[in-house]
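Text of the file protein.txt, holding compact mmCIF, C-alpha atoms and all ligand atoms:
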# COMPACT_ATOMS: atom_id res chain seq x y z
CA MET A 1 100.97 107.77 117.42
CA THR A 2 98.34 105.46 116.00
CA VAL A 3 99.10 101.80 116.21
CA GLY A 4 97.05 99.87 113.70
CA PRO A 5 96.68 96.11 113.75
CA SER A 6 99.09 94.22 111.56
CA ARG A 7 97.20 92.99 108.49
CA ASP A 8 99.01 89.89 107.56
CA ALA A 9 101.59 89.14 110.21
CA SER A 10 100.53 86.54 112.68
CA THR A 11 99.47 87.89 116.06
CA ARG A 12 100.02 84.76 118.10
CA PRO A 13 102.47 85.10 120.99
CA VAL A 14 105.99 83.80 120.53
CA ALA A 15 108.04 81.79 122.97
CA GLY A 16 110.31 83.64 125.35
CA ARG A 17 109.99 86.23 128.09
CA THR A 18 108.19 89.11 126.54
CA ALA A 19 106.83 90.99 129.51
CA TYR A 20 108.98 93.98 130.53
CA LEU A 21 112.65 94.46 129.77
CA ILE A 22 115.26 97.07 129.03
CA LEU A 23 117.97 96.57 126.42
CA HIS A 24 120.90 98.65 127.66
CA ASN A 25 124.68 99.07 127.31
CA THR A 26 124.41 99.68 123.57
CA SER A 27 126.97 101.62 121.54
CA GLU A 28 123.97 103.34 119.99
CA VAL A 29 120.34 102.76 119.09
CA ALA A 30 119.60 103.88 115.52
CA THR A 31 116.09 103.96 114.08
CA MET A 32 113.95 106.01 111.75
CA ASP A 33 111.22 107.98 113.54
CA ALA A 34 107.59 106.77 113.43
CA ALA A 35 106.84 108.75 110.26
CA GLY A 36 109.97 107.51 108.48
CA GLU A 37 111.13 111.11 108.06
CA ARG A 38 114.10 111.43 110.36
CA LEU A 39 116.89 109.22 111.63
CA LEU A 40 117.02 109.04 115.43
CA ARG A 41 120.38 108.14 117.00
CA PHE A 42 120.75 107.56 120.72
CA PRO A 43 124.43 107.17 121.63
CA ARG A 44 124.73 104.55 124.41
CA GLY A 45 120.90 104.55 124.31
CA ALA A 46 118.39 101.98 125.50
CA VAL A 47 115.06 100.47 124.45
CA VAL A 48 112.30 99.38 126.82
CA PHE A 49 109.96 96.61 125.65
CA GLN A 50 106.66 95.84 127.30
CA ASP A 51 104.18 93.16 126.25
CA GLY A 52 105.96 92.72 122.95
CA ARG A 53 105.97 96.38 121.93
CA VAL A 54 108.42 99.24 122.30
CA LEU A 55 107.48 101.28 125.34
CA GLU A 56 110.28 103.85 125.13
CA VAL A 57 113.56 104.50 123.37
CA GLY A 58 116.15 107.05 124.43
CA ASN A 59 118.84 107.91 126.92
CA ALA A 60 119.96 104.86 128.91
CA GLY A 61 120.46 106.62 132.27
CA ASP A 62 117.05 108.18 132.17
CA LEU A 63 115.28 105.00 131.02
CA SER A 64 117.09 102.80 133.58
CA ARG A 65 115.99 105.11 136.40
CA ARG A 66 112.39 105.22 135.27
CA HIS A 67 112.19 101.50 134.45
CA ALA A 68 114.04 100.07 137.44
CA ASP A 69 111.69 97.04 137.50
CA ALA A 70 112.37 96.06 133.89
CA ARG A 71 114.56 93.00 133.33
CA PRO A 72 117.93 94.29 132.10
CA LEU A 73 119.48 92.85 128.95
CA ASN A 74 123.05 93.77 128.04
CA ALA A 75 123.81 94.70 124.42
CA ASN A 76 127.54 94.41 125.20
CA GLY A 77 128.39 97.78 123.71
CA HIS A 78 126.92 96.96 120.31
CA LEU A 79 124.64 98.68 117.78
CA VAL A 80 120.87 98.18 118.05
CA THR A 81 118.49 98.77 115.13
CA PRO A 82 114.95 97.72 114.25
CA GLY A 83 114.64 94.22 112.82
CA LEU A 84 115.18 94.35 109.06
CA VAL A 85 112.30 94.01 106.59
CA ASP A 86 112.85 92.07 103.35
CA CYS A 87 109.90 93.33 101.27
CA HIS A 88 110.42 91.22 98.10
CA THR A 89 111.29 87.52 97.97
CA HIS A 90 110.21 84.45 95.99
CA MET A 91 111.42 81.97 98.59
CA ILE A 92 109.01 79.09 97.99
CA PHE A 93 110.54 77.00 95.22
CA ALA A 94 112.42 73.75 94.61
CA GLY A 95 115.74 73.21 92.84
CA GLN A 96 118.30 75.74 91.71
CA ARG A 97 119.48 77.22 88.38
CA SER A 98 123.26 77.53 88.62
CA ALA A 99 123.67 75.94 85.16
CA GLU A 100 121.48 78.69 83.72
CA PHE A 101 123.68 81.28 85.45
CA GLN A 102 126.69 79.80 83.68
CA ARG A 103 124.86 79.99 80.35
CA ARG A 104 124.10 83.64 80.96
CA LEU A 105 127.73 84.34 81.83
CA ALA A 106 128.63 82.74 78.51
CA GLY A 107 126.35 85.19 76.73
CA ASP A 108 122.82 83.67 76.55
CA GLY A 109 119.97 86.08 77.32
CA TYR A 110 117.30 85.71 80.07
CA ALA A 111 114.51 85.70 77.45
CA SER A 112 116.16 83.16 75.15
CA ILE A 113 116.87 80.78 78.04
CA ALA A 114 113.22 81.12 79.08
CA ALA A 115 112.02 80.52 75.50
CA ALA A 116 114.11 77.33 75.37
CA GLY A 117 112.28 75.90 78.41
CA GLY A 118 114.62 77.23 81.12
CA GLY A 119 113.93 80.21 83.34
CA ILE A 120 110.77 80.48 85.43
CA ARG A 121 109.18 77.38 83.85
CA SER A 122 112.06 75.10 84.87
CA THR A 123 111.58 76.16 88.51
CA VAL A 124 107.83 75.65 88.11
CA ALA A 125 108.47 72.07 86.96
CA ALA A 126 110.86 71.37 89.86
CA THR A 127 108.41 72.91 92.35
CA ASP A 128 105.56 70.87 90.93
CA ARG A 129 107.56 67.65 91.41
CA GLU A 130 108.50 68.49 95.02
CA LYS A 131 106.47 67.07 97.91
CA ASP A 132 104.28 69.49 99.86
CA ASP A 133 106.02 68.77 103.13
CA ALA A 134 109.48 69.40 101.68
CA LEU A 135 108.41 72.73 100.18
CA GLU A 136 106.87 73.84 103.45
CA ARG A 137 109.87 72.72 105.52
CA ASN A 138 112.35 74.36 103.15
CA LEU A 139 110.46 77.62 103.28
CA ALA A 140 110.47 77.51 107.09
CA THR A 141 114.23 76.84 107.02
CA ARG A 142 114.77 79.81 104.73
CA LEU A 143 112.71 82.06 106.99
CA GLU A 144 114.90 80.99 109.91
CA ARG A 145 118.01 81.80 107.87
CA TRP A 146 116.58 85.24 107.16
CA ARG A 147 115.93 85.78 110.87
CA ALA A 148 119.51 84.76 111.63
CA ASN A 149 120.56 87.46 109.16
CA GLY A 150 118.51 90.09 111.02
CA CYS A 151 115.20 90.02 109.12
CA THR A 152 112.18 89.96 111.41
CA SER A 153 109.63 90.66 108.65
CA VAL A 154 109.75 88.93 105.30
CA GLU A 155 107.49 89.08 102.27
CA VAL A 156 107.06 85.79 100.40
CA LYS A 157 105.53 85.59 96.93
CA SER A 158 103.98 82.58 95.28
CA GLY A 159 104.59 82.55 91.52
CA TYR A 160 106.22 79.19 90.77
CA GLY A 161 102.86 77.41 90.51
CA LEU A 162 101.45 79.39 87.56
CA THR A 163 98.23 77.39 87.11
CA PRO A 164 95.34 78.35 89.40
CA SER A 165 95.73 75.13 91.41
CA GLY A 166 99.55 75.45 91.44
CA GLU A 167 99.38 78.95 92.87
CA MET A 168 96.77 77.97 95.46
CA ARG A 169 98.97 75.08 96.54
CA LEU A 170 101.94 77.38 97.14
CA LEU A 171 99.83 79.92 99.02
CA ASP A 172 98.53 77.14 101.29
CA LEU A 173 102.06 75.88 101.95
CA MET A 174 103.23 79.44 102.67
CA ARG A 175 100.58 79.69 105.36
CA GLY A 176 101.74 76.37 106.83
CA ALA A 177 105.41 77.41 106.90
CA THR A 178 104.52 80.72 108.53
CA GLN A 179 103.09 78.83 111.47
CA ARG A 180 106.39 77.03 112.07
CA VAL A 181 108.54 80.12 112.63
CA PRO A 182 108.43 83.31 114.71
CA THR A 183 109.27 85.62 111.79
CA ARG A 184 106.49 87.89 110.52
CA VAL A 185 105.53 86.77 107.02
CA HIS A 186 103.61 88.83 104.47
CA ARG A 187 102.09 86.55 101.87
CA THR A 188 101.77 87.85 98.31
CA ALA A 189 100.06 86.05 95.43
CA LEU A 190 102.24 86.57 92.34
CA LEU A 191 99.56 85.75 89.80
CA LEU A 192 100.89 86.87 86.43
CA HIS A 193 104.47 85.59 86.39
CA ALA A 194 104.61 83.50 83.21
CA LEU A 195 101.95 81.87 81.04
CA PRO A 196 101.76 78.18 82.01
CA ASP A 197 102.08 75.62 79.22
CA GLU A 198 98.52 74.44 79.95
CA TYR A 199 97.26 77.84 78.76
CA ARG A 200 99.43 78.22 75.64
CA GLY A 201 97.43 80.18 73.06
CA ARG A 202 94.81 81.01 75.72
CA ARG A 203 96.26 84.12 77.37
CA ARG A 204 92.94 85.88 77.62
CA GLU A 205 91.34 82.88 79.33
CA TYR A 206 94.23 82.71 81.80
CA VAL A 207 93.84 86.35 82.82
CA ASP A 208 90.03 85.92 83.00
CA GLU A 209 90.47 82.89 85.25
CA MET A 210 92.71 84.86 87.60
CA CYS A 211 90.09 87.63 87.87
CA SER A 212 86.96 85.57 88.12
CA HIS A 213 88.09 82.59 90.17
CA VAL A 214 91.56 82.82 91.68
CA LEU A 215 91.41 86.30 93.21
CA PRO A 216 88.01 85.81 94.91
CA GLU A 217 89.20 82.46 96.26
CA ILE A 218 92.38 84.04 97.67
CA ARG A 219 90.26 86.69 99.34
CA ARG A 220 87.70 84.23 100.67
CA ARG A 221 90.35 81.98 102.18
CA ASP A 222 92.60 84.84 103.27
CA LEU A 223 95.54 83.22 101.49
CA ALA A 224 97.43 86.46 100.79
CA SER A 225 97.19 90.13 101.65
CA ALA A 226 98.71 91.41 98.41
CA VAL A 227 98.78 90.58 94.70
CA ASP A 228 101.78 91.02 92.39
CA VAL A 229 102.23 90.81 88.60
CA PHE A 230 105.26 90.71 86.27
CA CYS A 231 104.67 93.60 83.87
CA ASP A 232 107.26 93.17 81.15
CA PRO A 233 107.52 92.15 77.47
CA VAL A 234 108.84 88.72 78.58
CA ALA A 235 105.77 88.28 80.80
CA PHE A 236 102.49 90.26 80.75
CA GLU A 237 101.29 93.48 79.15
CA VAL A 238 100.17 96.60 80.97
CA GLU A 239 96.51 95.98 80.08
CA GLU A 240 96.60 92.40 81.37
CA CYS A 241 98.22 93.58 84.58
CA ARG A 242 95.72 96.41 84.93
CA ARG A 243 92.81 93.95 84.78
CA VAL A 244 94.16 91.64 87.46
CA LEU A 245 95.30 94.45 89.76
CA THR A 246 92.04 96.39 89.42
CA ARG A 247 90.10 93.26 90.39
CA ALA A 248 92.45 92.73 93.36
CA VAL A 249 91.82 96.29 94.56
CA GLU A 250 88.05 95.78 94.21
CA LEU A 251 88.38 92.77 96.49
CA GLY A 252 90.28 94.79 99.09
CA LEU A 253 93.72 93.29 98.41
CA SER A 254 96.90 95.38 98.29
CA ILE A 255 98.81 95.43 95.03
CA LYS A 256 102.43 95.61 93.83
CA LEU A 257 104.22 95.14 90.51
CA HIS A 258 107.42 93.82 89.00
CA ALA A 259 107.80 96.93 86.85
CA ASP A 260 110.10 98.19 84.09
CA GLN A 261 112.75 95.52 84.68
CA PHE A 262 113.93 94.49 81.22
CA GLU A 263 112.16 97.28 79.33
CA ARG A 264 110.27 100.44 80.17
CA THR A 265 106.70 99.46 79.34
CA GLY A 266 104.66 101.52 81.81
CA GLY A 267 104.73 99.36 84.92
CA ALA A 268 105.79 102.18 87.25
CA GLN A 269 103.16 104.47 85.77
CA LEU A 270 100.52 101.77 86.30
CA ALA A 271 101.68 101.37 89.92
CA ALA A 272 101.24 105.12 90.43
CA GLU A 273 97.86 105.17 88.69
CA LEU A 274 96.45 102.29 90.76
CA GLY A 275 98.03 103.33 94.07
CA ALA A 276 100.17 100.21 94.48
CA GLN A 277 102.13 99.68 97.70
CA SER A 278 105.32 99.32 95.69
CA ALA A 279 106.81 99.14 92.20
CA ASP A 280 109.76 96.77 92.19
CA HIS A 281 112.89 96.37 90.00
CA LEU A 282 112.68 99.61 87.92
CA GLU A 283 116.07 99.04 86.28
CA SER A 284 114.66 100.51 83.04
CA ALA A 285 112.58 103.27 84.68
CA ILE A 286 113.38 106.91 83.97
CA GLU A 287 113.20 110.06 86.10
CA GLU A 288 109.60 110.70 85.08
CA ASP A 289 108.62 107.30 86.49
CA TRP A 290 110.28 108.00 89.84
CA ARG A 291 108.48 111.33 90.01
CA ALA A 292 105.15 109.59 89.36
CA LEU A 293 105.91 107.11 92.17
CA ALA A 294 106.78 110.00 94.49
CA GLU A 295 103.53 111.83 93.75
CA ALA A 296 101.45 108.71 94.28
CA GLY A 297 103.30 107.70 97.46
CA VAL A 298 104.39 104.37 95.94
CA VAL A 299 107.66 102.90 97.26
CA GLY A 300 110.22 102.04 94.57
CA VAL A 301 111.94 98.75 95.48
CA LEU A 302 115.49 98.20 94.26
CA LEU A 303 116.80 94.66 93.85
CA PRO A 304 120.59 94.87 93.54
CA ALA A 305 121.17 91.11 93.45
CA ALA A 306 118.92 90.73 90.39
CA ALA A 307 120.43 93.77 88.67
CA LEU A 308 123.95 92.45 89.26
CA THR A 309 123.11 88.91 88.18
CA LEU A 310 121.51 90.19 84.98
CA GLY A 311 124.18 92.83 84.35
CA GLN A 312 121.77 95.75 84.70
CA ARG A 313 122.33 99.19 86.18
CA LEU A 314 120.75 100.61 89.32
CA PRO A 315 119.70 104.27 89.66
CA GLU A 316 122.00 106.78 91.34
CA ALA A 317 121.18 108.10 94.79
CA ARG A 318 121.31 111.75 93.75
CA TRP A 319 118.74 111.01 91.08
CA LEU A 320 116.40 109.26 93.51
CA ARG A 321 116.74 112.06 96.07
CA LYS A 322 115.71 114.59 93.44
CA SER A 323 112.55 112.61 92.61
CA GLY A 324 111.31 112.83 96.19
CA ALA A 325 110.30 109.15 96.10
CA ARG A 326 110.84 106.66 98.88
CA TRP A 327 112.92 103.64 97.98
CA ALA A 328 113.55 100.31 99.64
CA VAL A 329 116.10 97.57 98.99
CA ALA A 330 115.16 93.87 98.99
CA THR A 331 116.83 90.55 98.15
CA ASP A 332 114.36 89.37 95.44
CA PHE A 333 115.56 85.94 96.57
CA ASN A 334 114.74 83.50 93.75
CA PRO A 335 116.64 80.72 91.95
CA GLY A 336 116.84 82.51 88.60
CA THR A 337 117.94 86.10 88.99
CA ALA A 338 118.78 86.58 92.66
CA PRO A 339 120.12 83.69 94.74
CA ALA A 340 120.82 86.23 97.50
CA GLN A 341 120.31 85.21 101.11
CA SER A 342 121.32 88.28 103.08
CA LEU A 343 119.33 91.50 102.91
CA LEU A 344 122.12 93.44 104.60
CA GLU A 345 124.58 92.16 102.00
CA CYS A 346 122.24 93.42 99.27
CA ALA A 347 121.99 96.79 101.04
CA ALA A 348 125.80 97.00 101.27
CA LEU A 349 125.92 96.40 97.51
CA ALA A 350 123.25 99.03 96.84
CA ALA A 351 125.14 101.54 98.99
CA ARG A 352 128.16 101.09 96.72
CA LEU A 353 126.32 100.82 93.40
CA CYS A 354 123.90 103.70 93.98
CA GLY A 355 125.73 105.87 96.51
CA PHE A 356 123.40 105.56 99.51
CA ASN A 357 124.59 106.92 102.85
CA ALA A 358 124.12 105.01 106.12
CA GLU A 359 120.80 106.68 106.94
CA GLU A 360 119.40 105.91 103.47
CA THR A 361 120.63 102.35 103.74
CA LEU A 362 118.92 101.85 107.09
CA SER A 363 115.62 103.35 105.99
CA ALA A 364 115.69 101.28 102.75
CA ILE A 365 115.72 98.03 104.74
CA THR A 366 113.55 99.10 107.68
CA TRP A 367 110.91 101.88 107.51
CA ASN A 368 110.63 102.20 103.72
CA ALA A 369 110.56 98.44 103.31
CA ALA A 370 107.82 98.20 105.95
CA ARG A 371 105.90 100.86 104.03
CA ALA A 372 106.24 98.75 100.86
CA LEU A 373 104.28 96.10 102.81
CA GLY A 374 101.80 98.49 104.38
CA ALA A 375 103.25 97.57 107.80
CA GLU A 376 104.99 100.80 108.78
CA HIS A 377 102.71 101.44 111.75
CA ASP A 378 103.93 98.25 113.36
CA VAL A 379 107.45 97.45 112.20
CA GLY A 380 110.54 99.00 110.63
CA HIS A 381 111.29 101.35 113.54
CA LEU A 382 111.78 101.30 117.30
CA THR A 383 109.46 104.05 118.44
CA PRO A 384 106.77 103.66 121.13
CA GLY A 385 103.96 101.40 120.03
CA ALA A 386 105.91 99.52 117.34
CA TRP A 387 106.49 95.78 117.78
CA GLY A 388 109.63 95.03 119.76
CA ASP A 389 111.44 93.53 116.75
CA ALA A 390 115.08 94.56 117.07
CA VAL A 391 118.60 93.43 116.26
CA VAL A 392 121.81 93.72 118.30
CA TRP A 393 124.58 93.72 115.68
CA GLU A 394 128.19 92.59 115.93
CA CYS A 395 129.39 96.14 115.39
CA GLU A 396 129.26 99.51 117.07
CA SER A 397 128.11 102.18 114.62
CA LEU A 398 125.36 102.61 112.05
CA GLU A 399 128.01 103.43 109.44
CA GLU A 400 129.36 99.87 109.75
CA LEU A 401 126.13 98.30 108.46
CA PRO A 402 126.74 99.11 104.76
CA TYR A 403 130.51 98.97 105.24
CA TRP A 404 131.55 95.41 106.08
CA MET A 405 131.45 92.66 103.48
CA PRO A 406 130.39 89.95 104.16
CA ALA A 407 127.68 91.86 106.01
CA VAL A 408 127.70 92.30 109.77
CA ARG A 409 125.96 89.47 111.64
CA PRO A 410 123.38 89.81 114.40
CA ASP A 411 124.41 88.98 117.97
CA CYS A 412 120.76 88.49 118.80
CA VAL A 413 117.41 89.13 117.21
CA PHE A 414 114.37 90.18 119.23
CA MET A 415 110.86 89.30 118.11
CA ARG A 416 108.09 91.05 120.05
CA GLY A 417 110.53 92.03 122.76
CA ALA A 418 111.78 88.46 123.19
CA ASP A 419 115.34 87.31 122.55
CA LEU A 420 114.76 84.02 120.77
CA ALA A 421 117.60 81.61 120.14
CA LEU A 422 118.92 81.83 116.60
CA PRO A 423 119.02 78.70 114.46
CA THR A 424 122.45 77.30 113.71
CA VAL A 425 122.06 78.11 110.05
CA GLU A 426 125.73 77.90 109.21
CA ARG A 427 125.73 74.16 109.76
CA ARG A 428 122.66 73.61 107.59
CA VAL A 429 123.15 72.16 104.16
CA TRP A 430 122.12 74.58 101.43
CA PRO A 431 119.35 75.37 100.59
O1 LIG A 501 111.94 89.04 90.35
N1 LIG A 501 111.17 89.18 87.29
C1 LIG A 501 110.46 88.23 87.55
N2 LIG A 501 110.61 87.29 88.49
C2 LIG A 501 111.82 87.04 89.20
C3 LIG A 501 112.68 86.10 88.48
C4 LIG A 501 112.05 84.81 88.38
C5 LIG A 501 112.92 83.72 87.82
O2 LIG A 501 113.74 83.95 86.90
O3 LIG A 501 112.74 82.59 88.32
C6 LIG A 501 112.52 88.32 89.56
O4 LIG A 501 113.61 88.64 89.10
FE FE A 502 111.01 89.49 92.01

As a first step, turn the structure in this file into structure tokens.
Ligand code: NIG
Ligand code: FE
Amino acid sequence: MTVGPSRDASTRPVAGRTAYLILHNTSEVATMDAAGERLLRFPRGAVVFQDGRVLEVGNAGDLSRRHADARPLNANGHLVTPGLVDCHTHMIFAGQRSAEFQRRLAGDGYASIAAAGGGIRSTVAATDREKDDALERNLATRLERWRANGCTSVEVKSGYGLTPSGEMRLLDLMRGATQRVPTRVHRTALLLHALPDEYRGRRREYVDEMCSHVLPEIRRRDLASAVDVFCDPVAFEVEECRRVLTRAVELGLSIKLHADQFERTGGAQLAAELGAQSADHLESAIEEDWRALAEAGVVGVLLPAAALTLGQRLPEARWLRKSGARWAVATDFNPGTAPAQSLLECAALAARLCGFNAEETLSAITWNAARALGAEHDVGHLTPGAWGDAVVWECESLEELPYWMPAVRPDCVFMRGADLALPTVERRVWP
């Protein structure tokens, strides 16, 4: 298989013994194949890591004989899967919006709360007031919490800065936080999230500024590998999104969209037209949209925590299967619509709400999620050549992953073939 270099994930070595080891005495190793087409299950299987990558996966007896010099690591009869990939989060922000959640439960709408100064803008104000160091430290803490929950690759969006300088600030801090933790971080610039107060009545100028100044600057300073927009009546129109995304593509950046969340306005169709990596949310998308995504090879990303928080429906599995599209599940972690900290918990919810089987659940949070980040050559599976990012779970079978609630916890999490100590997240004060 071809192993391409990872575009955004850091390539520096991580602490730990990474050289040559064999993870054995598993109940099973379960992974999608390198093409993301088929589930591979190796009962009592083993994985050999060398120099941070997977060298071989398969039958334990055979691998132990042929890799007698590898350092043995005991999985204690537990399930091993690839490290999980959370392909959609907004985890750089300050404050929280539990009061707004109560207002919504009492009947207020997302749009009316936003119009009254709540919503995204209230998080923007709290983030603006927060010190740089605190934002960077909190993001690093969150990334560690994600790793403790089994996520070895995490996408992080900016989006709570809004003004050009506010967004640049968050992208800089994201880069700083990434250097503090071993997790692979994919940085996305969420550029059209909400119109900042400073640009009230000057929408056109705002979009122009993003195209002519912000995007080239992001490219020049390598601040993000992808660009996202919120394409929705409460945010930005299809044409505005098209301009920013087209400019991003011209500059060689990957693109993705928050599409058809509150209303079906053409976001998924735009994602298909422009060849986005993913179209996310899609609560209001119809079959035709999923077919367009399938034809264009765009991953549809489902965000069950946001759908549940906002009282929206998710599509049914049989419907998605018929479309032929790939779908992923992500947390959408943000203070407004998805205060969800465990990707596996979100996947367990999606399995129930949509009807996904264990194989679909695994691929939605590994291979398909990696594909939504353009990282499927390197992560999201445990086949030869992929990074040795793996999880030993506190359970024995793949079917248990979507089954238990609260979600199964990792025993240990490998990054680049190294078993790094997990942070003691349970004793940390939220957030
Ligand atoms: O993905 N939909 C747009 N953005 C976020 C919510 C942001 C917020 O309410 O703070 C989302 O759901
Ligand atoms: Fe989102």

Q: Return the single residue from A:Leu373, A:Met32, A:Leu190, A:Leu55 that is closest to ligand LIG 501 (chain A), with distances computed using only C-alpha atoms and all ligand atoms.
A: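 So, comparing all the options, the nearest one is A:Leu190.
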
Q.
My list of candidates is A:Ile255, A:Ala248, A:Ile120, A:Leu135. Which is closest to His193 in chain A when distances are computed with only C-alpha atoms?
A.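 Nearest to His193 in chain A: A:Ile120.
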
Q: Step by step, measure atom-to-atom distances between ligand LIG 501 (chain A) and each residue using all atoms listed in the file, keep those at most 9 Å, then write them as a PyMOL selection string.
A: chain A and resi 88-90+97+110+114+118-124+159-160+193-194+229-232+235+258-259+261-262+280-281+303+306-307+332-338

Q) What does the distance from CA of Tyr403 in chain A to CA of Phe356 in chain A come to in Å, to one decimal? A)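 So the two atoms, CA of Tyr403 in chain A and CA of Phe356 in chain A, lie 11.3 Å apart.
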
Q: Could you give me, as JSON, numbers by chain, the residues that have an atom at most 7 Å away from the point (117.3, 94.3, 103.5) in the coordinates of the file, using only C-alpha atoms?
A: {"A": [84, 85, 86, 329, 330, 331, 343, 344, 346, 347, 365]}

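The interatomic distance for the pair CA of Leu251 in chain A and CA of His213 in chain A works out to 12.0 Å.
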
Q: Calculate how many Å separate CA of Pro72 in chain A from CA of Ala421 in chain A, rounding to one decimal.
A: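 About the pair CA of Pro72 in chain A and CA of Ala421 in chain A: they are 17.4 Å apart.
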